[in-house]
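Peer 1: Quick one: the structure is below, questions incoming.
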Amino acid sequence: MEIDIQYLLLLQDLRNATGGVFDEFFNALSKFAVDILPFLPFVIFWAVDKKWGYRFITTWGVGEILNGIIKLTVCAYRPWIRSDLIEPAGDSKVAATGYSFPSGHTTVGTAMYGTTFVWQKDKKRWIAVLCAVLIALTGFSRNFLGVHTPQDVIVGFCVSVIIILVVGAVSKKLDGNEKAIDILTLAGCVVVVATILYITLKPYPMDYVDGELLVDPQKMMNDSFKACGAFLGIMLGSYIDRHKLHYEIPTGSAGLPLLTVIGIAIMFAWKEWFAPATVVAAFGDHWGNLTARFIMVLFAMWIWPVVINKECKTRYFRGRNGCE
């Protein structure tokens, strides 16, 4: 038996020996990484620091699309498919999407917590330390719950660290160089098209057991189509902002916190309820998810900043320092 499966079985025995007392904690930690944490970049972009908001958004977008490309290239089966001795905790098996390698939760969690670490390490070190701990716990949670192997987690972590470093270096080098940023924006759109062509045209393993397909590659593509939609939204949204909107955070506006909360609530409701019932239902899992995620990100980078700029100038929302 492979050593990675032995390690997961050891953790499974620990789960069973403790009566699953830690299951909900690690499950919540995992869900937070992919269900809530990806909204952080837009909070930063709207209300805290626009430049860092762009770094957060870019790191998240690149991480999502690169994770999908690697997953659909390697096509590694989940641990419970490799060994019928593995029984994931709770609903982790149902909630796990895509192939196994690398871990998407670890990739996204490291991208967000890691960017926060870089941002705050010289300002508020306790936040940086907390983020480092959360990175480790998020990665470990994927092993503890039995849905990812150690190598899935380690590579997901390494991919995000590389992305954080590259995005940081490029952001500093190209700061203020609109022509170069436009070229990168166009390149990003080309990457989306190339990714879609690659994941739809490449061959996939079609292994059957008792006449039943072990893993349906069509379902495995859904997350990548979401990532492509989000990345396309980032590219178009950034172009509109830089050339048309020129959004500036309305520092001092009393209504900015409320508007930020409302914006995130709209995005969350769209992602969880309205998009699946409308766009995804109309266009199918692949193109529906791509379109839905594109709309959500474009809303965050174009529509809602317009609303914030407009509403913060009204008498109700104007703070002591105004919006100027």
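Chain labels follow the order of the structure tokens: the first chain is A, the next B, and so on; residue numbering restarts at 1 in every chain, and ligands are counted from 1 in their shown order.
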Please produce, as JSON lines, a per-residue contact table for region 162-250 of chain A versus region 54-68 of chain A (criterion: any atom at most 8 Å away, only C-alpha atoms considered), showing the nearest atom pair and its distance in Å to one decimal, sorted by chain then residue number.
Peer 2:
{"residue": "A:Ile163", "atom": "CA", "partner": "A:Thr59", "partner_atom": "CA", "distance": 6.4}
{"residue": "A:Ile164", "atom": "CA", "partner": "A:Thr59", "partner_atom": "CA", "distance": 6.2}
{"residue": "A:Val167", "atom": "CA", "partner": "A:Thr59", "partner_atom": "CA", "distance": 6.5}
{"residue": "A:Gly168", "atom": "CA", "partner": "A:Arg55", "partner_atom": "CA", "distance": 7.0}
{"residue": "A:Ser171", "atom": "CA", "partner": "A:Arg55", "partner_atom": "CA", "distance": 7.3}
{"residue": "A:Met221", "atom": "CA", "partner": "A:Gly68", "partner_atom": "CA", "distance": 7.9}
{"residue": "A:Asp223", "atom": "CA", "partner": "A:Gly68", "partner_atom": "CA", "distance": 6.8}
{"residue": "A:Ser224", "atom": "CA", "partner": "A:Gly68", "partner_atom": "CA", "distance": 4.9}
{"residue": "A:Ala227", "atom": "CA", "partner": "A:Ile65", "partner_atom": "CA", "distance": 5.0}
{"residue": "A:Cys228", "atom": "CA", "partner": "A:Ile65", "partner_atom": "CA", "distance": 6.3}
{"residue": "A:Ala230", "atom": "CA", "partner": "A:Gly61", "partner_atom": "CA", "distance": 6.7}
{"residue": "A:Phe231", "atom": "CA", "partner": "A:Gly61", "partner_atom": "CA", "distance": 5.4}
{"residue": "A:Ile234", "atom": "CA", "partner": "A:Gly61", "partner_atom": "CA", "distance": 7.5}
Peer 1: Which residues are near Phe294 (chain A)? Cut-off 7 Å, only C-alpha atoms, ignore same chain within fewer than 4 positions. Put them as an mmCIF file with all heavy atoms, in the first residue's frame.
Peer 2:
data_model
loop_
_atom_site.group_PDB
_atom_site.id
_atom_site.type_symbol
_atom_site.label_atom_id
_atom_site.label_comp_id
_atom_site.auth_asym_id
_atom_site.auth_seq_id
_atom_site.Cartn_x
_atom_site.Cartn_y
_atom_site.Cartn_z
ATOM 1 N N GLY A 229 -14.165 31.781 -16.457
ATOM 2 C CA GLY A 229 -15.114 32.884 -16.421
ATOM 3 C C GLY A 229 -14.657 33.983 -15.487
ATOM 4 O O GLY A 229 -14.735 35.175 -15.813
ATOM 5 N N ALA A 230 -14.160 33.590 -14.310
ATOM 6 C CA ALA A 230 -13.672 34.571 -13.340
ATOM 7 C C ALA A 230 -12.468 35.326 -13.890
ATOM 8 O O ALA A 230 -12.380 36.554 -13.767
ATOM 9 C CB ALA A 230 -13.305 33.874 -12.037
ATOM 10 N N LEU A 232 -11.613 35.824 -17.010
ATOM 11 C CA LEU A 232 -12.043 36.718 -18.082
ATOM 12 C C LEU A 232 -12.689 37.971 -17.495
ATOM 13 O O LEU A 232 -12.478 39.091 -17.989
ATOM 14 C CB LEU A 232 -13.035 35.994 -18.998
ATOM 15 C CG LEU A 232 -13.336 36.649 -20.359
ATOM 16 C CD1 LEU A 232 -12.060 36.796 -21.179
ATOM 17 C CD2 LEU A 232 -14.364 35.825 -21.119
ATOM 18 N N GLY A 233 -13.459 37.801 -16.424
ATOM 19 C CA GLY A 233 -14.062 38.945 -15.746
ATOM 20 C C GLY A 233 -13.009 39.862 -15.150
ATOM 21 O O GLY A 233 -13.146 41.095 -15.189
ATOM 22 N N LEU A 290 -19.207 29.247 -16.514
ATOM 23 C CA LEU A 290 -18.281 30.263 -17.011
ATOM 24 C C LEU A 290 -18.966 31.631 -17.069
ATOM 25 O O LEU A 290 -18.421 32.634 -16.587
ATOM 26 C CB LEU A 290 -17.764 29.863 -18.403
ATOM 27 C CG LEU A 290 -16.714 30.784 -19.044
ATOM 28 C CD1 LEU A 290 -15.771 29.976 -19.933
ATOM 29 C CD2 LEU A 290 -17.349 31.903 -19.891
ATOM 30 N N LEU A 298 -17.272 40.639 -13.005
ATOM 31 C CA LEU A 298 -17.448 41.928 -13.687
ATOM 32 C C LEU A 298 -18.308 42.866 -12.842
ATOM 33 O O LEU A 298 -18.071 44.077 -12.798
ATOM 34 C CB LEU A 298 -18.079 41.718 -15.063
ATOM 35 C CG LEU A 298 -17.922 42.884 -16.060
ATOM 36 C CD1 LEU A 298 -16.446 43.162 -16.310
ATOM 37 C CD2 LEU A 298 -18.629 42.569 -17.361
#
Peer 1: Determine the nearest neighbour of Leu245 (chain A) from the options A:Val306, A:Val74, A:Cys158, A:Ile3, counting only C-alpha atoms.
Peer 2: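 Residue with the minimum atom-to-atom distance to Leu245 (chain A): A:Val306.
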Peer 1: Please determine, counting only C-alpha atoms, which residue among A:Leu8, A:Leu14, A:Val108, A:Val43 has the shortest atom-to-atom distance to Glu87 (chain A).
Peer 2: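 Checking each of A:Leu8, A:Leu14, A:Val108, A:Val43 against Glu87 (chain A), counting only C-alpha atoms, the winner is A:Leu8.
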Peer 1: Can you tell me, as a ChimeraX atom specification, what residues are no more than 10 Å from Phe117 (chain A) when counting only C-alpha atoms, ignoring any on the same chain fewer than 3 positions away?
Peer 2: /A:110-114,120-132
Peer 1: For the selection you just gave me, I'd like the residues written to a file as a PDB file, in the first residue's frame, keeping N, CA and C atoms.
Peer 2:
ATOM      1  N   THR A 110      -4.076  29.154   0.491  1.00  0.00           N
ATOM      2  CA  THR A 110      -2.713  29.688   0.532  1.00  0.00           C
ATOM      3  C   THR A 110      -2.613  30.996  -0.235  1.00  0.00           C
ATOM      4  N   ALA A 111      -3.290  31.086  -1.371  1.00  0.00           N
ATOM      5  CA  ALA A 111      -3.260  32.318  -2.171  1.00  0.00           C
ATOM      6  C   ALA A 111      -3.795  33.505  -1.378  1.00  0.00           C
ATOM      7  N   MET A 112      -4.907  33.313  -0.683  1.00  0.00           N
ATOM      8  CA  MET A 112      -5.528  34.411   0.055  1.00  0.00           C
ATOM      9  C   MET A 112      -4.819  34.690   1.385  1.00  0.00           C
ATOM     10  N   TYR A 113      -4.614  33.645   2.182  1.00  0.00           N
ATOM     11  CA  TYR A 113      -3.911  33.844   3.450  1.00  0.00           C
ATOM     12  C   TYR A 113      -2.462  34.275   3.200  1.00  0.00           C
ATOM     13  N   GLY A 114      -1.857  33.712   2.158  1.00  0.00           N
ATOM     14  CA  GLY A 114      -0.461  34.036   1.860  1.00  0.00           C
ATOM     15  C   GLY A 114      -0.296  35.479   1.412  1.00  0.00           C
ATOM     16  N   GLN A 120       0.704  42.069   5.465  1.00  0.00           N
ATOM     17  CA  GLN A 120       0.664  42.490   6.856  1.00  0.00           C
ATOM     18  C   GLN A 120       1.903  42.132   7.684  1.00  0.00           C
ATOM     19  N   LYS A 121       2.864  41.435   7.106  1.00  0.00           N
ATOM     20  CA  LYS A 121       3.985  40.937   7.898  1.00  0.00           C
ATOM     21  C   LYS A 121       4.811  42.044   8.542  1.00  0.00           C
ATOM     22  N   ASP A 122       4.860  43.218   7.922  1.00  0.00           N
ATOM     23  CA  ASP A 122       5.608  44.334   8.500  1.00  0.00           C
ATOM     24  C   ASP A 122       4.699  45.373   9.153  1.00  0.00           C
ATOM     25  N   LYS A 123       3.384  45.101   9.164  1.00  0.00           N
ATOM     26  CA  LYS A 123       2.426  46.044   9.740  1.00  0.00           C
ATOM     27  C   LYS A 123       1.799  45.475  11.014  1.00  0.00           C
ATOM     28  N   LYS A 124       1.076  44.414  10.850  1.00  0.00           N
ATOM     29  CA  LYS A 124       0.443  43.743  11.980  1.00  0.00           C
ATOM     30  C   LYS A 124       0.861  42.280  11.964  1.00  0.00           C
ATOM     31  N   ARG A 125       1.917  41.991  12.687  1.00  0.00           N
ATOM     32  CA  ARG A 125       2.517  40.661  12.611  1.00  0.00           C
ATOM     33  C   ARG A 125       1.591  39.571  13.128  1.00  0.00           C
ATOM     34  N   TRP A 126       0.710  39.914  14.051  1.00  0.00           N
ATOM     35  CA  TRP A 126      -0.203  38.897  14.578  1.00  0.00           C
ATOM     36  C   TRP A 126      -1.132  38.389  13.484  1.00  0.00           C
ATOM     37  N   ILE A 127      -1.494  39.291  12.535  1.00  0.00           N
ATOM     38  CA  ILE A 127      -2.324  38.866  11.410  1.00  0.00           C
ATOM     39  C   ILE A 127      -1.529  37.928  10.505  1.00  0.00           C
ATOM     40  N   ALA A 128      -0.268  38.273  10.264  1.00  0.00           N
ATOM     41  CA  ALA A 128       0.593  37.434   9.429  1.00  0.00           C
ATOM     42  C   ALA A 128       0.776  36.052  10.052  1.00  0.00           C
ATOM     43  N   VAL A 129       1.005  36.022  11.360  1.00  0.00           N
ATOM     44  CA  VAL A 129       1.171  34.738  12.057  1.00  0.00           C
ATOM     45  C   VAL A 129      -0.113  33.919  11.976  1.00  0.00           C
ATOM     46  N   LEU A 130      -1.256  34.575  12.196  1.00  0.00           N
ATOM     47  CA  LEU A 130      -2.549  33.886  12.114  1.00  0.00           C
ATOM     48  C   LEU A 130      -2.748  33.289  10.728  1.00  0.00           C
ATOM     49  N   CYS A 131      -2.381  34.051   9.691  1.00  0.00           N
ATOM     50  CA  CYS A 131      -2.537  33.555   8.319  1.00  0.00           C
ATOM     51  C   CYS A 131      -1.648  32.347   8.057  1.00  0.00           C
ATOM     52  N   ALA A 132      -0.441  32.372   8.592  1.00  0.00           N
ATOM     53  CA  ALA A 132       0.464  31.227   8.435  1.00  0.00           C
ATOM     54  C   ALA A 132      -0.129  29.983   9.082  1.00  0.00           C
TER      55      ALA A 132
END
Peer 1: Using CA of Lys244 (chain A) and CA of Phe274 (chain A) as the two end points, give the distance in Å to one decimal.
Peer 2: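 According to the coordinates, CA of Lys244 (chain A) and CA of Phe274 (chain A) are separated by 28.7 Å.
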Peer 1: Mind giving me the straight-line distance from CA of Pro150 (chain A) to CA of Leu29 (chain A) in Å, one decimal?
Peer 2: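 One can read the CA of Pro150 (chain A) to CA of Leu29 (chain A) distance as 17.3 Å.
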